[in-house]
Number of protein chains: 2
Amino acid sequence: MKRTTLKDLAKKLNLSVATVSRALADGPNIRKETKDRVLKAAEEMNYKPNTIASHLRTGRTGAVGVVVDELITPFVAQALRGIQRVLHPEGTSILMACSYNDPAQEIRNLQMMEEAQVDGLIVFPCHDTGDTDVYLRLIEKNIPVVFIGRNPGDIHASEIAADHHSKVYFLVDHLVRTGRTKVAHVTGNNPSPYFNLLQSAFTEALGRHRLTVDPDLIVGAKPTFEGGVAAVDELLRRGKDFDAVFAAADLQAIGVMNCLLEKGVRIPEDVAVAGYAGSYLAKMVFPQLTTVEPPLVEMGEKAAHLVMEKINDPSAPDRMLKVDAKILLRHSTHGPGYQ
Amino acid sequence: MKRTTLKDLAKKLNLSVATVSRALADGPNIRKETKDRVLKAAEEMNYKPNTIASHLRTGRTGAVGVVVDELITPFVAQALRGIQRVLHPEGTSILMACSYNDPAQEIRNLQMMEEAQVDGLIVFPCHDTGDTDVYLRLIEKNIPVVFIGRNPGDIHASEIAADHHSKVYFLVDHLVRTGRTKVAHVTGNNPSPYFNLLQSAFTEALGRHRLTVDPDLIVGAKPTFEGGVAAVDELLRRGKDFDAVFAAADLQAIGVMNCLLEKGVRIPEDVAVAGYAGSYLAKMVFPQLTTVEPPLVEMGEKAAHLVMEKINDPSAPDRMLKVDAKILLRHSTHGPGYQ
DNA sequence: ACCCGAAATGAAAACGTTTACATTTAATGC
DNA sequence: GCATTAAATGTAAACGTTTTCATTTCGGGT
């Protein structure tokens, strides 16, 4: 059986389509009594508004696109929780696409979002950023864009970011203060503003203790478990001694740990391992991993709020929100005995 | 500046809207020459079809809803990869919603999908299934539904599932053959068809070796890391000796491992640990976890194909596809020396 | 040159809302 | 009781496609 439309309701109630429409949108200019009549009939005839028609008329799709760099890590998963928590109650749905850390795919995803005519976009950019033209086009089209975690290039859009510098500084400082002098750093496989930022904080923290960075103890690797394993192999190949590893990504740190343990190295007695931008994964390994955990759910919520704000009021200004990441000192850097 | 419409193109080219539309949809009944003219003009005027209008006319949204039970585990993440790989090239977008293992949220998500008028649905049902009415309503509305992993209740819809029984049987059999006699089992916190299936295979495999199941060695726990930790605490509290643990979920198994290691228990020397329905997470812990890995990407692809098939031909039959999960024997059950 | 069928194009309705504007009804003040 | 204004309802256009049906154009066979 066909679905009920406003027309059907109107006919049934001897009203015009307009009044029925007004009765359902609870605006003014409608008599309480007729409103009730309409609501009752809508209930009876199981009326469900055709959102597509509404979209055509209003020029909005009620959907926000979420383009993520990856999904395997809980990073995005957690943030999505915050996003969904804000968006769904507002009746906004989430159109998702994953880029799998491939800039070309990221661009395709954005184009798809453009075609789907989303009302706004929340983007977790890939580490390696490609072309930024799509972003500029979207922004020119007045589609609000909010970045989480990174901003590819210098795009004029809202952004939610953690204060990486101070956190990395604290973490590395902590490693040195607890007696480590030969700290290795596993960074990204390609230079990016993000990884460069972490590395400079790393360098700065060591410098504070009059330690110079040994280039042989800096190794680039994919931000994955396998990257961490490969990084350890590379470090060992280089033959320089190290008593701590600070990895730019948690998955790397976990790979580092696994590889070291495999080779009989004790953690943290022989080598301390610290990760970064982690999540509950860090708690699942043994020994549990010291890391810095951004408030992912909160970041998602903030991003969602920002995008909704801009959707509802296109003249709203772009905003750059800083969030405070939590430093979690655990056994991978100081063993169970540490206070 | 306003976006270009068919009308604009028609006016510019002195054609009717109809012909322009036909030219762009590459059907028959259009002269090669005019088609080229239209295409050229469309390019020049940067014409982008208004998909919303098209949706209204065709009654399709070009979106498939994906409702997932959780996101933290790579389970769904991997399957999504398969889904996206199939759907995106067909121009179908993915409307996502996560239920966070809350049946009430699952129902709300499904309602949201219904309102968004998705063309079809792929669902990873929660462990605890609530009301199945929504499903029945969706199916009655001729919205194709494909389940992955589980089928909540006995709903007449397509389904992609792994052959759990034989895999669990194999795994438990393997534990016994490698010398374990007191095998504990961590199952779900609430009885569900899925967990019951695993447990019965577990019982059957032990029975084959004339081992009876000690009810004290069966413990229910949430399918999470914390659930695994709690399960070990409970087992130790009960005081019965055990030399192996088979956990129904990988996160549980990892929690079990972590908790045991914390207490100085050696894995696998003292206790062997096996998980189930895992993913690359199992490879990240130390020692690496023995588990059964469903072909997640493939399952996602199959689900996507099934849903598209049914969207394109509503009379297509429902199908129940079995996939073959991979058994991964690793160090958590037999140590590095094992062949 | 004429007719016929096929191919190409045009006219217009339809999809189901929302909303500006016009009209009717009700309420208020004198 | 009548004018004035506000509230409630109706009319109809619009959103941008797709598609049915009618019309025109074209090519080929006699």
# chains A, B, ... in the order shown; residues from 1 in each chain; ligands from 1
>>> interface_residues(of="chain C", to="chain A", cutoff="8 Å", atoms="only C-alpha atoms (C1' of nucleotides)", output="ChimeraX atom specification")
/C:15-18
>>> select_by_dssp(residues="stretch 87-251 of chain B", states="strand (DSSP E)", output="MDAnalysis selection string")
chainID B and resid 93:98 120:123 145:148 158:162 183:187 218:220 244:247
>>> residues_around(residues="D:DC26", least_positions_apart="5", cutoff="9 Å", atoms="only C-alpha atoms (C1' of nucleotides)", output="PyMOL selection string")
chain C and resi 6-8
>>> residues_around(residues="B:Ser279", least_positions_apart="3", cutoff="8 Å", atoms="only C-alpha atoms (C1' of nucleotides)", output="number ranges by chain")
B: 74-75, 250, 282-283, 293-294
>>> write_last_selection(atoms="N, CA and C atoms", output="compact mmCIF listing (two decimals), in the first residue's frame")
# COMPACT_ATOMS: atom_id res chain seq x y z
N PRO B 74 38.03 -3.79 15.65
CA PRO B 74 38.26 -3.68 14.21
C PRO B 74 37.28 -4.52 13.40
N PHE B 75 36.48 -5.33 14.08
CA PHE B 75 35.53 -6.19 13.38
C PHE B 75 34.72 -5.40 12.35
N ASP B 250 37.47 -11.72 21.26
CA ASP B 250 38.89 -11.40 21.34
C ASP B 250 39.22 -10.42 22.44
N ALA B 282 44.50 -9.24 17.76
CA ALA B 282 45.05 -10.45 18.36
C ALA B 282 46.56 -10.55 18.10
N LYS B 283 46.99 -9.87 17.06
CA LYS B 283 48.40 -9.95 16.68
C LYS B 283 49.22 -8.92 17.45
N GLU B 293 39.63 -15.89 12.85
CA GLU B 293 39.39 -14.61 12.21
C GLU B 293 38.43 -14.76 11.04
N PRO B 294 37.27 -14.18 11.13
CA PRO B 294 36.34 -14.23 10.01
C PRO B 294 36.87 -13.34 8.89
>>> closest_atom_pairs(of="chain A", to="chain D", cutoff="7 Å", atoms="only C-alpha atoms (C1' of nucleotides)", output="Markdown table")
| residue | atom | partner | partner_atom | distance |
| --- | --- | --- | --- | --- |
| A:Ser16 | CA | D:DG10 | C1' | 6.2 |
| A:Thr19 | CA | D:DT9 | C1' | 6.5 |
| A:Asn29 | CA | D:DA8 | C1' | 6.1 |
| A:Ile30 | CA | D:DA8 | C1' | 6.0 |
| A:Arg31 | CA | D:DA8 | C1' | 6.7 |
| A:Leu56 | CA | D:DC15 | C1' | 5.4 |
| A:Arg57 | CA | D:DC15 | C1' | 4.7 |
>>> write_last_selection(atoms="C-alpha atoms", output="compact mmCIF listing (two decimals), in the first residue's frame")
# COMPACT_ATOMS: atom_id res chain seq x y z
CA SER A 16 -5.67 22.32 2.59
CA THR A 19 -2.65 23.82 6.97
CA ASN A 29 -0.71 30.34 13.03
CA ILE A 30 -2.53 27.16 13.68
CA ARG A 31 -5.54 26.55 15.85
CA LEU A 56 14.21 19.45 -2.14
CA ARG A 57 12.08 22.25 -0.88
>>> residues_around(residues="A:Asp173", least_positions_apart="5", cutoff="12 Å", atoms="only C-alpha atoms (C1' of nucleotides)", output="VMD selection string")
chain A and resid 165 to 168 178 to 181 183 201 to 211 244 246 274
>>> write_last_selection(atoms="C-alpha atoms", output="mmCIF file, in the first residue's frame")
data_model
loop_
_atom_site.group_PDB
_atom_site.id
_atom_site.type_symbol
_atom_site.label_atom_id
_atom_site.label_comp_id
_atom_site.auth_asym_id
_atom_site.auth_seq_id
_atom_site.Cartn_x
_atom_site.Cartn_y
_atom_site.Cartn_z
ATOM 1 C CA HIS A 165 53.514 20.377 21.920
ATOM 2 C CA SER A 166 53.104 20.611 25.655
ATOM 3 C CA LYS A 167 52.038 17.008 25.993
ATOM 4 C CA VAL A 168 54.938 15.592 24.041
ATOM 5 C CA THR A 178 63.099 8.821 35.251
ATOM 6 C CA GLY A 179 66.613 8.114 34.119
ATOM 7 C CA ARG A 180 66.467 7.520 30.389
ATOM 8 C CA THR A 181 69.229 9.195 28.454
ATOM 9 C CA VAL A 183 65.617 8.136 23.850
ATOM 10 C CA ALA A 201 58.651 19.086 20.888
ATOM 11 C CA PHE A 202 60.658 15.906 21.361
ATOM 12 C CA THR A 203 63.860 17.677 20.459
ATOM 13 C CA GLU A 204 63.062 20.614 22.650
ATOM 14 C CA ALA A 205 62.361 18.442 25.675
ATOM 15 C CA LEU A 206 65.660 16.632 25.279
ATOM 16 C CA GLY A 207 67.460 19.932 24.804
ATOM 17 C CA ARG A 208 66.115 21.166 28.075
ATOM 18 C CA HIS A 209 68.161 18.427 29.703
ATOM 19 C CA ARG A 210 71.225 19.220 27.618
ATOM 20 C CA LEU A 211 70.680 16.056 25.615
ATOM 21 C CA ALA A 244 63.591 4.414 25.684
ATOM 22 C CA PHE A 246 58.821 7.523 22.100
ATOM 23 C CA ALA A 274 55.737 5.540 25.300
#
>>> closest_residue(among="B:Lys322, B:Lys48, B:His185, B:Lys32", to="B:Leu235", atoms="only C-alpha atoms")
B:His185
>>> closest_residue(among="A:Asp233, A:Glu262, A:Asp8, A:Asp26", to="chain B", atoms="only C-alpha atoms")
A:Glu262
>>> closest_residue(among="B:Arg150, B:Arg238, B:Arg108, B:His305", to="chain A", atoms="only C-alpha atoms")
B:Arg108
